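**Q** Structure file coords_13.csv, CSV, C-alpha atoms, is pasted below:
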chain,number,residue,atom,x,y,z
B,1,MET,CA,-8.7,-13.4,5.0
B,2,VAL,CA,-8.2,-13.0,8.7
B,3,SER,CA,-5.0,-12.6,10.8
B,4,ILE,CA,-5.4,-14.1,14.2
B,5,ILE,CA,-2.9,-12.7,16.7
B,6,ILE,CA,-2.1,-14.8,19.8
B,7,PRO,CA,0.4,-13.4,22.4
B,8,VAL,CA,2.0,-16.3,24.3
B,9,TYR,CA,3.6,-16.1,27.7
B,10,ASN,CA,4.0,-19.2,29.9
B,11,ALA,CA,0.8,-20.8,28.7
B,12,GLU,CA,1.9,-24.4,28.1
B,13,ALA,CA,-1.1,-25.8,30.1
B,14,TYR,CA,-3.6,-24.2,27.7
B,15,LEU,CA,-1.7,-23.6,24.4
B,16,ASP,CA,-2.4,-26.8,22.6
B,17,ARG,CA,-6.2,-26.2,23.1
B,18,CYS,CA,-5.9,-22.6,22.0
B,19,ILE,CA,-3.9,-23.2,18.8
B,20,GLY,CA,-5.9,-26.3,18.0
B,21,SER,CA,-9.1,-24.3,18.1
B,22,VAL,CA,-7.7,-21.9,15.5
B,23,VAL,CA,-6.3,-24.6,13.2
B,24,ALA,CA,-9.7,-26.3,13.2
B,25,GLN,CA,-11.7,-23.2,12.1
B,26,THR,CA,-14.3,-23.8,9.5
B,27,TYR,CA,-13.1,-20.7,7.7
B,28,PRO,CA,-9.7,-21.8,6.3
B,29,ASP,CA,-8.2,-18.5,4.9
B,30,ILE,CA,-6.5,-17.5,8.0
B,31,GLU,CA,-3.0,-16.4,9.1
B,32,ILE,CA,-2.1,-17.5,12.7
B,33,ILE,CA,0.4,-15.2,14.3
B,34,LEU,CA,2.0,-16.7,17.5
B,35,VAL,CA,4.0,-14.1,19.4
B,36,ASN,CA,6.2,-15.8,22.1
B,37,ASP,CA,6.7,-13.1,24.6
B,38,GLY,CA,9.8,-14.5,26.4
B,39,SER,CA,8.1,-17.6,27.8
B,40,THR,CA,10.2,-19.6,30.3
B,41,ASP,CA,8.1,-22.8,30.2
B,42,GLY,CA,7.5,-25.1,27.3
B,43,SER,CA,5.3,-22.6,25.3
B,44,LEU,CA,7.9,-21.9,22.6
B,45,ARG,CA,8.4,-25.6,21.9
B,46,ILE,CA,4.6,-26.1,21.6
B,47,CYS,CA,4.5,-23.1,19.2
B,48,GLU,CA,7.3,-24.6,17.1
B,49,ASP,CA,5.6,-28.0,16.9
B,50,TRP,CA,2.4,-26.4,15.7
B,51,GLN,CA,4.3,-24.3,13.1
B,52,LYS,CA,5.7,-27.5,11.6
B,53,LYS,CA,2.2,-28.9,11.3
B,54,ASP,CA,0.5,-25.9,9.7
B,55,GLY,CA,1.9,-23.6,7.1
B,56,ARG,CA,-0.5,-20.8,8.1
B,57,ILE,CA,1.3,-20.3,11.3
B,58,VAL,CA,3.8,-17.4,11.7
B,59,LEU,CA,6.0,-17.5,14.8
B,60,ILE,CA,7.6,-14.5,16.4
B,61,SER,CA,9.8,-14.8,19.4
B,62,GLN,CA,10.8,-11.7,21.5
B,63,GLN,CA,12.0,-10.8,25.0
B,64,ASN,CA,9.3,-10.4,27.5
B,65,ARG,CA,7.7,-7.0,27.0
B,66,GLY,CA,4.1,-7.6,27.9
B,67,VAL,CA,0.8,-8.5,26.2
B,68,SER,CA,0.5,-5.0,24.5
B,69,ALA,CA,3.9,-5.2,22.9
B,70,ALA,CA,3.2,-8.8,21.8
B,71,ARG,CA,0.0,-7.8,20.1
B,72,ASN,CA,1.7,-4.8,18.5
B,73,ALA,CA,4.4,-7.1,17.1
B,74,GLY,CA,1.6,-9.3,15.6
B,75,LEU,CA,-0.1,-6.3,14.1
B,76,ALA,CA,3.2,-5.2,12.5
B,77,VAL,CA,3.4,-8.4,10.5
B,78,ALA,CA,-0.3,-9.2,9.9
B,79,ARG,CA,-0.9,-9.5,6.2
B,80,CYS,CA,-4.7,-10.1,6.0
B,81,SER,CA,-7.5,-7.6,5.5
B,82,HIS,CA,-9.1,-8.4,8.9
B,83,VAL,CA,-7.7,-9.1,12.4
B,84,MET,CA,-8.9,-11.0,15.4
B,85,MET,CA,-7.2,-11.4,18.8
B,86,LEU,CA,-7.1,-14.5,20.9
B,87,ASP,CA,-5.4,-15.0,24.3
B,88,SER,CA,-3.3,-18.1,24.7
B,89,ASP,CA,-5.3,-19.5,27.6
B,90,ASP,CA,-8.6,-19.1,25.7
B,91,TYR,CA,-10.0,-20.7,22.5
B,92,PHE,CA,-12.5,-20.3,19.7
B,93,ASP,CA,-15.6,-22.2,18.8
B,94,PRO,CA,-15.0,-23.9,15.4
B,95,ASP,CA,-17.1,-21.4,13.5
B,96,ALA,CA,-15.8,-18.2,15.2
B,97,CYS,CA,-14.0,-16.7,12.2
B,98,ASP,CA,-16.9,-17.7,9.8
B,99,LEU,CA,-19.4,-16.1,12.1
B,100,MET,CA,-17.5,-12.9,12.8
B,101,LEU,CA,-16.3,-12.3,9.2
B,102,GLY,CA,-19.7,-13.3,7.8
B,103,THR,CA,-21.5,-10.9,10.1
B,104,MET,CA,-19.1,-8.1,9.2
B,105,ARG,CA,-19.8,-8.6,5.5
B,106,GLU,CA,-23.5,-9.0,5.9
B,107,LYS,CA,-23.8,-5.8,8.1
B,108,ASP,CA,-21.1,-3.9,6.1
B,109,ALA,CA,-19.7,-3.2,9.5
B,110,ASP,CA,-16.2,-1.9,10.5
B,111,CYS,CA,-16.3,-3.7,13.8
B,112,VAL,CA,-18.4,-6.7,15.0
B,113,ILE,CA,-18.5,-7.3,18.8
B,114,CYS,CA,-19.6,-10.7,20.1
B,115,GLY,CA,-20.1,-12.3,23.5
B,116,LEU,CA,-17.7,-14.4,25.6
B,117,ASN,CA,-18.5,-17.8,26.9
B,118,GLN,CA,-16.6,-18.4,30.1
B,119,THR,CA,-15.3,-21.9,30.8
B,120,HIS,CA,-17.3,-22.3,34.0
B,121,GLY,CA,-20.5,-21.8,32.0
B,122,PHE,CA,-21.4,-18.1,32.4
B,123,ILE,CA,-22.1,-16.3,29.1
B,124,TRP,CA,-21.2,-12.7,28.9
B,125,ARG,CA,-22.9,-11.3,25.8
B,126,PRO,CA,-25.2,-8.6,24.4
B,127,GLN,CA,-28.8,-9.0,25.3
B,128,LYS,CA,-29.8,-8.4,21.7
B,129,ASN,CA,-28.2,-7.7,18.3
B,130,ALA,CA,-27.6,-4.0,17.8
B,131,ASP,CA,-26.4,-2.0,14.8
B,132,TYR,CA,-25.0,1.5,14.7
B,133,ALA,CA,-24.6,3.6,11.5
B,134,SER,CA,-21.8,5.7,12.8
B,135,ALA,CA,-19.5,6.2,15.8
B,136,GLU,CA,-21.6,9.3,16.6
B,137,ASP,CA,-24.7,7.1,16.6
B,138,PHE,CA,-23.0,4.6,18.9
B,139,ARG,CA,-22.0,7.4,21.4
B,140,ARG,CA,-25.6,7.8,22.4
B,141,ASP,CA,-25.5,4.3,23.9
B,142,PHE,CA,-21.9,4.4,24.9
B,143,ALA,CA,-22.4,4.5,28.6
B,144,TYR,CA,-24.6,1.3,28.4
B,145,TRP,CA,-22.1,-0.7,26.4
B,146,LEU,CA,-19.2,0.5,28.5
B,147,ASN,CA,-20.9,-0.8,31.7
B,148,THR,CA,-21.5,-4.2,30.1
B,149,GLU,CA,-17.7,-4.6,29.9
B,150,LEU,CA,-18.0,-5.8,26.3
B,151,LEU,CA,-15.8,-2.9,25.2
B,152,SER,CA,-13.1,-3.7,27.8
B,153,THR,CA,-11.6,-6.6,25.9
B,154,SER,CA,-10.3,-6.7,22.4
B,155,VAL,CA,-10.7,-10.5,21.9
B,156,ASN,CA,-14.4,-10.4,21.2
B,157,LYS,CA,-14.1,-8.3,18.1
B,158,ILE,CA,-13.1,-8.4,14.5
B,159,TYR,CA,-11.3,-5.4,13.0
B,160,LYS,CA,-10.5,-4.1,9.6
B,161,LYS,CA,-6.7,-3.9,9.3
B,162,SER,CA,-6.9,-0.7,7.3
B,163,LYS,CA,-8.7,1.1,10.2
B,164,ILE,CA,-6.3,0.1,12.9
B,165,LEU,CA,-4.4,3.5,13.3
B,166,SER,CA,-3.4,3.2,16.9
B,167,CYS,CA,-1.4,0.4,18.6
B,168,TYR,CA,-1.9,-1.0,22.0
B,169,PRO,CA,-0.5,1.3,24.8
B,170,GLU,CA,2.6,-0.4,26.1
B,171,GLY,CA,3.5,-0.1,29.8
B,172,GLN,CA,-0.2,-0.1,30.9
B,173,SER,CA,-0.8,-2.6,33.7
B,174,PHE,CA,-4.5,-3.0,32.8
B,175,GLY,CA,-7.1,-1.4,30.5
B,176,GLU,CA,-5.0,-1.5,27.4
B,177,ASP,CA,-7.7,-3.4,25.6
B,178,LEU,CA,-10.3,-0.7,26.3
B,179,ILE,CA,-8.0,2.0,25.1
B,180,PHE,CA,-7.2,0.2,21.9
B,181,SER,CA,-10.9,-0.6,21.3
B,182,LEU,CA,-12.0,3.0,21.8
B,183,ASN,CA,-9.3,4.4,19.6
B,184,TYR,CA,-10.4,1.9,16.9
B,185,LEU,CA,-14.2,2.6,17.3
B,186,LYS,CA,-13.6,6.4,16.9
B,187,GLY,CA,-12.8,5.7,13.2
B,188,CYS,CA,-15.7,3.3,12.5
B,189,ASP,CA,-18.6,4.1,10.3
B,190,ARG,CA,-20.7,1.1,11.3
B,191,ILE,CA,-20.6,-1.0,14.5
B,192,SER,CA,-22.5,-4.2,15.2
B,193,PHE,CA,-23.1,-6.2,18.4
B,194,ILE,CA,-24.3,-9.8,18.1
B,195,THR,CA,-25.6,-12.1,20.8
B,196,ALA,CA,-23.5,-15.1,19.7
B,197,ALA,CA,-20.6,-16.0,22.0
B,198,PRO,CA,-18.0,-18.0,20.0
B,199,TYR,CA,-15.1,-16.9,22.2
B,200,ARG,CA,-14.3,-19.2,25.1
B,201,HIS,CA,-12.6,-17.5,28.1
B,202,GLU,CA,-10.6,-19.5,30.6
B,203,VAL,CA,-11.4,-18.0,34.1
B,204,PHE,CA,-9.1,-20.2,36.2
B,205,ASN,CA,-5.7,-19.3,34.9
B,206,MET,CA,-4.1,-17.6,37.9
B,207,HIS,CA,-1.1,-16.6,35.7
B,208,SER,CA,-3.4,-14.4,33.6
B,209,LEU,CA,-2.8,-10.6,33.7
B,210,THR,CA,-6.4,-10.1,35.0
B,211,HIS,CA,-5.3,-11.5,38.4
B,212,GLY,CA,-3.1,-9.8,41.0
B,213,PHE,CA,-2.6,-6.2,42.2
B,214,ASN,CA,-0.2,-3.6,40.9
B,215,VAL,CA,-0.1,-0.1,42.4
B,216,ARG,CA,0.5,1.4,39.0
B,217,ARG,CA,-3.1,0.6,38.2
B,218,PHE,CA,-4.3,3.7,40.0
B,219,ASP,CA,-2.5,5.9,37.4
B,220,ASP,CA,-3.6,3.5,34.6
B,221,LEU,CA,-7.2,4.0,35.8
B,222,GLU,CA,-6.9,7.7,35.2
B,223,ARG,CA,-5.5,7.3,31.7
B,224,ILE,CA,-8.4,4.9,30.9
B,225,GLN,CA,-11.0,7.4,32.1
B,226,GLU,CA,-9.3,10.2,30.1
B,227,CYS,CA,-9.7,8.0,27.0
B,228,VAL,CA,-13.3,7.4,27.9
B,229,ARG,CA,-13.8,11.2,28.2
B,230,ASP,CA,-12.2,11.7,24.9
B,231,PHE,CA,-14.4,9.1,23.2
B,232,ALA,CA,-17.6,10.5,24.8
B,233,GLY,CA,-16.8,13.9,23.2
B,234,GLY,CA,-19.8,16.2,23.8
B,235,GLN,CA,-21.9,13.5,25.3
B,236,ASP,CA,-22.3,13.0,29.1
B,237,VAL,CA,-19.1,11.3,30.3
B,238,PRO,CA,-19.9,7.9,31.9
B,239,TYR,CA,-18.4,7.3,35.3
B,240,ALA,CA,-20.1,4.1,36.6
B,241,LYS,CA,-17.3,1.8,35.4
B,242,TYR,CA,-14.6,4.1,36.6
B,243,VAL,CA,-16.1,4.2,40.1
B,244,LYS,CA,-16.5,0.4,40.2
B,245,ASP,CA,-12.9,0.0,39.1
B,246,ALA,CA,-11.7,2.5,41.6
B,247,VAL,CA,-13.4,0.7,44.5
B,248,HIS,CA,-11.9,-2.6,43.2
B,249,LEU,CA,-8.4,-1.1,43.2
B,250,ILE,CA,-8.8,0.4,46.7
B,251,ARG,CA,-9.9,-3.0,48.0
B,252,GLY,CA,-7.0,-4.6,46.1
B,253,LEU,CA,-4.5,-2.2,47.8
B,254,TYR,CA,-5.8,-3.0,51.3
B,255,LYS,CA,-5.8,-6.7,50.6
B,256,ALA,CA,-2.4,-6.9,49.1
B,257,ASP,CA,0.7,-8.0,51.0
B,258,GLY,CA,3.8,-5.9,51.4
B,259,TYR,CA,2.3,-2.6,52.2
B,260,SER,CA,2.3,-0.9,55.6
B,261,SER,CA,-0.6,1.2,56.7
B,262,GLY,CA,1.5,4.3,56.0
B,263,ASP,CA,2.3,3.1,52.5
B,264,ARG,CA,-1.4,2.5,51.8
B,265,LYS,CA,-2.4,5.9,53.1
B,266,LYS,CA,0.3,7.6,51.0
B,267,ILE,CA,-0.6,5.8,47.8
B,268,LEU,CA,-4.3,6.3,48.3
B,269,SER,CA,-4.1,10.0,49.3
B,270,GLU,CA,-1.8,10.9,46.4
B,271,TRP,CA,-3.9,9.2,43.8
B,272,PHE,CA,-7.2,10.6,45.2
B,273,SER,CA,-5.9,14.2,45.2
B,274,ARG,CA,-5.4,14.1,41.4
B,275,SER,CA,-8.2,11.6,40.5
B,276,PHE,CA,-11.4,12.1,38.6
B,277,LEU,CA,-13.1,10.5,41.6
B,278,LYS,CA,-12.3,13.5,43.8
B,279,ASN,CA,-14.8,15.7,41.8
B,280,LEU,CA,-17.7,13.2,41.9
B,281,ARG,CA,-20.4,13.1,44.5
B,282,ILE,CA,-21.0,9.8,46.4
B,283,LYS,CA,-24.8,10.4,46.4
B,284,ASP,CA,-24.8,10.2,42.5
B,285,MET,CA,-23.1,6.9,42.5
B,286,SER,CA,-24.9,3.5,42.1
B,287,LEU,CA,-23.1,1.6,44.9
B,288,GLY,CA,-23.9,-0.9,47.7
B,289,TRP,CA,-23.8,0.4,51.2
B,290,ARG,CA,-20.3,-1.0,52.0
B,291,ASP,CA,-18.8,0.7,49.0
B,292,ARG,CA,-20.6,4.0,50.0
B,293,ILE,CA,-19.1,3.8,53.5
B,294,LEU,CA,-15.6,3.0,52.0
B,295,LEU,CA,-15.7,6.0,49.7
B,296,GLY,CA,-17.1,8.1,52.5
B,297,CYS,CA,-14.1,7.2,54.6
B,298,LEU,CA,-11.8,8.1,51.7
B,299,TYR,CA,-13.5,11.4,51.0
B,300,GLY,CA,-13.2,12.2,54.7
B,301,GLY,CA,-9.5,11.2,54.9
B,302,PHE,CA,-10.4,8.4,57.4
B,303,TYR,CA,-8.0,5.8,56.1
B,304,LEU,CA,-8.3,3.5,59.1
B,305,GLY,CA,-12.0,3.4,58.2
B,306,VAL,CA,-11.2,2.3,54.7
B,307,ASN,CA,-9.1,-0.5,56.2
B,308,LEU,CA,-12.0,-1.4,58.5
B,309,VAL,CA,-14.4,-1.7,55.6
B,310,VAL,CA,-12.1,-3.9,53.6
B,311,ASN,CA,-10.5,-6.0,56.3
B,312,GLY,CA,-12.9,-5.6,59.2
B,313,LYS,CA,-13.5,-9.3,60.0
B,314,SER,CA,-9.8,-10.2,59.8
B,315,MET,CA,-8.9,-7.2,61.9
B,316,ILE,CA,-11.4,-8.2,64.6
B,317,ARG,CA,-9.9,-11.8,64.6
B,318,LEU,CA,-6.5,-10.2,65.3
For the structure just supplied, provide its representation as structure tokens.
**A**
Amino acid sequence: MVSIIIPVYNAEAYLDRCIGSVVAQTYPDIEIILVNDGSTDGSLRICEDWQKKDGRIVLISQQNRGVSAARNAGLAVARCSHVMMLDSDDYFDPDACDLMLGTMREKDADCVICGLNQTHGFIWRPQKNADYASAEDFRRDFAYWLNTELLSTSVNKIYKKSKILSCYPEGQSFGEDLIFSLNYLKGCDRISFITAAPYRHEVFNMHSLTHGFNVRRFDDLERIQECVRDFAGGQDVPYAKYVKDAVHLIRGLYKADGYSSGDRKKILSEWFSRSFLKNLRIKDMSLGWRDRILLGCLYGGFYLGVNLVVNGKSMIRL
């Protein structure tokens, strides 16, 4: 059996599609756990209506505490031997549970990782099926899989409930999925990747946690990289994803409203002084020329230069 955990927050525009896709699964032995995380729109009513229609649905309602707390609440009540995650603005193909559970049994795997099919048509998936006999075996290809971003979400995986020993980190503004996934994979004996993409990801929901900027993300980035370092163990620690995310956050800071130039300089300099980035060499990074210039300005303490790289055209218009 499979427990499917769906955190719900202000998702009324997508929720019927999401829950309907789970109710319609070709594999019937499922438990559907809806965690209403303090929604202020019509999401709770939609959850209640679905619960009346299908006895497999368990509904939890709590004050808004964030997606990690919602998933943890779902994990706390999950009764099935296997667990899958689904975001409330996304949905499953009809055979998603059949495919994931069937592959797990066929491969005798502790975790199966599939692709995601985005709603605008782009498929984000492994290039080929891959099987690893142990977490140590997997570590040899860890850098490659980390850079594909397939480890960065927990919704494209099926887990064994008995092997989930660490909850989602609460209070993390991003990267909680990667931390959860790496903590889980450390305890796996067999890990399998499949090219199938039965998960449908909605890319145009602007209320999603993947959108927007939060200054706390700089500290979260360091915690994520610490987790990556821990998972890598004695292997070479991969930094490509970390550098890419760092550049993305720097650009986000200089694009965000509400910060003065002094605020941006203070935030960036304080983070950089304690970051993993400080000890890396730009010449070893795989970056485009604009990002190389941006980091060159940062390393040299030329914060006006960082602003020029990010906002050059708009600054010229002013």
**Q** Up to 7 Å from (-4.6, 3.1, 22.0) in the file's coordinates: name the residues, counting all atoms listed in the file, as a PDB file with C-alpha atoms, keeping the file's coordinate frame.
**A**
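Produced file part.pdb, reproduced below:
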ATOM      1  CA  SER B 166      -3.400   3.200  16.900  1.00  0.00           C
ATOM      2  CA  CYS B 167      -1.400   0.400  18.600  1.00  0.00           C
ATOM      3  CA  TYR B 168      -1.900  -1.000  22.000  1.00  0.00           C
ATOM      4  CA  PRO B 169      -0.500   1.300  24.800  1.00  0.00           C
ATOM      5  CA  ILE B 179      -8.000   2.000  25.100  1.00  0.00           C
ATOM      6  CA  PHE B 180      -7.200   0.200  21.900  1.00  0.00           C
ATOM      7  CA  ASN B 183      -9.300   4.400  19.600  1.00  0.00           C
TER       8      ASN B 183
END
**Q** When you count only C-alpha atoms, which of these residues is closest to Ile158 (chain B): B:Leu308, B:Ile5, B:Val203, B:Ile19?
**A**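 Using only C-alpha atoms, the shortest distance to Ile158 (chain B) belongs to B:Ile5.
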**Q** If I take CA of Arg125 (chain B) and CA of Asp93 (chain B), how far is one from the other in Å, to one decimal?
**A**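 So the answer is 14.9 Å.
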**Q** Closest to Asp219 (chain B) among B:Ser68, B:Phe193, B:Gly187, B:Ser173, using all atoms listed in the file?
**A** B:Ser173
**Q** Scan for residues within 9 Å of the point (-12.7, -9.9, 12.9) in the coordinates of the file, using all atoms listed in the file, and reply as a VMD selection string.
**A** chain B and resid 2 to 4 82 to 85 97 100 to 101 104 111 to 113 156 to 160
**Q** B:Leu86, B:Leu287, B:Leu34, B:Ala197: which is nearest Phe122 (chain B), counting all atoms listed in the file?
**A**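 That would be B:Ala197, the residue with the smallest distance to Phe122 (chain B).
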**Q** Restricting the calculation to all atoms listed in the file: of B:Ala196, B:Arg281, B:Arg105, B:Lys186, which residue gets closest to Asn129 (chain B)?
**A** B:Ala196
**Q** List the neighbours of Gln225 (chain B) out to 12 Å using all atoms listed in the file; skip same-chain residues closer than 5 positions along the sequence, and give me the result as JSON, numbers by chain.
**A** {"B": [146, 175, 176, 178, 179, 182, 218, 219, 220, 230, 231, 232, 237, 238, 239, 240, 241, 242, 243, 245, 246, 275, 276, 277]}
**Q** In terms of the shortest atom-to-atom distance over all atoms listed in the file, which of B:Leu185, B:Ile194, B:Leu151, B:Val8 is closest to Thr103 (chain B)?
**A**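 The closest residue to Thr103 (chain B) is B:Ile194.
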**Q** With a distance cut-off of 9 Å and only C-alpha atoms, select the neighbouring residues of Asn117 (chain B), excluding the residue or stretch itself and same-chain residues fewer than 5 positions from it, and output the selection as a JSON list (two decimals) with C-alpha atoms, in the frame of the given file.
**A**
[["chain", "number", "residue", "atom", "x", "y", "z"],
["B", 122, "PHE", "CA", -21.40, -18.10, 32.40],
["B", 123, "ILE", "CA", -22.10, -16.30, 29.10],
["B", 124, "TRP", "CA", -21.20, -12.70, 28.90],
["B", 125, "ARG", "CA", -22.90, -11.30, 25.80],
["B", 197, "ALA", "CA", -20.60, -16.00, 22.00],
["B", 198, "PRO", "CA", -18.00, -18.00, 20.00],
["B", 199, "TYR", "CA", -15.10, -16.90, 22.20],
["B", 200, "ARG", "CA", -14.30, -19.20, 25.10],
["B", 201, "HIS", "CA", -12.60, -17.50, 28.10],
["B", 202, "GLU", "CA", -10.60, -19.50, 30.60]]
**Q** In terms of the shortest atom-to-atom distance over all atoms listed in the file, which of B:Tyr254, B:Lys52, B:Ser260, B:Asp236 is closest to Gly305 (chain B)?
**A**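 For Gly305 (chain B), the nearest of the candidates is B:Tyr254.
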**Q** Around all the atoms of region 302-312 of chain B listed in the file, draw an axis-aligned box and extend it by 3 Å on each of the six sides; I want its centre and edge lengths in Å to one decimal, as lines of an AutoDock Vina configuration file.
**A**
center_x = -11.2
center_y = 1.2
center_z = 56.4
size_x = 12.4
size_y = 20.4
size_z = 11.6
**Q** What is the CA of Lys278 (chain B) to CA of Asp291 (chain B) distance in Å?
**A** 15.3 Å
**Q** Give me the residues within 8 Å of Val22 (chain B) as a list in words, counting only C-alpha atoms and dropping any in the same chain fewer than 4 places off.
**A**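 Non-adjacent residues within range: Cys18, Ile32, Tyr91, Phe92 and Pro94 of chain B.
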**Q** Between CA of Arg17 (chain B) and CA of Gly171 (chain B), measure the distance and give it in Å to one decimal.
**A**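 So the two atoms, CA of Arg17 (chain B) and CA of Gly171 (chain B), lie 28.6 Å apart.
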**Q** With a distance cut-off of 10 Å and only C-alpha atoms, select the neighbouring residues of Arg292 (chain B), excluding the residue or stretch itself and same-chain residues fewer than 5 positions from it, and output the selection as a VMD selection string.
**A** chain B and resid 247 282 to 283 285 to 287 297 to 298
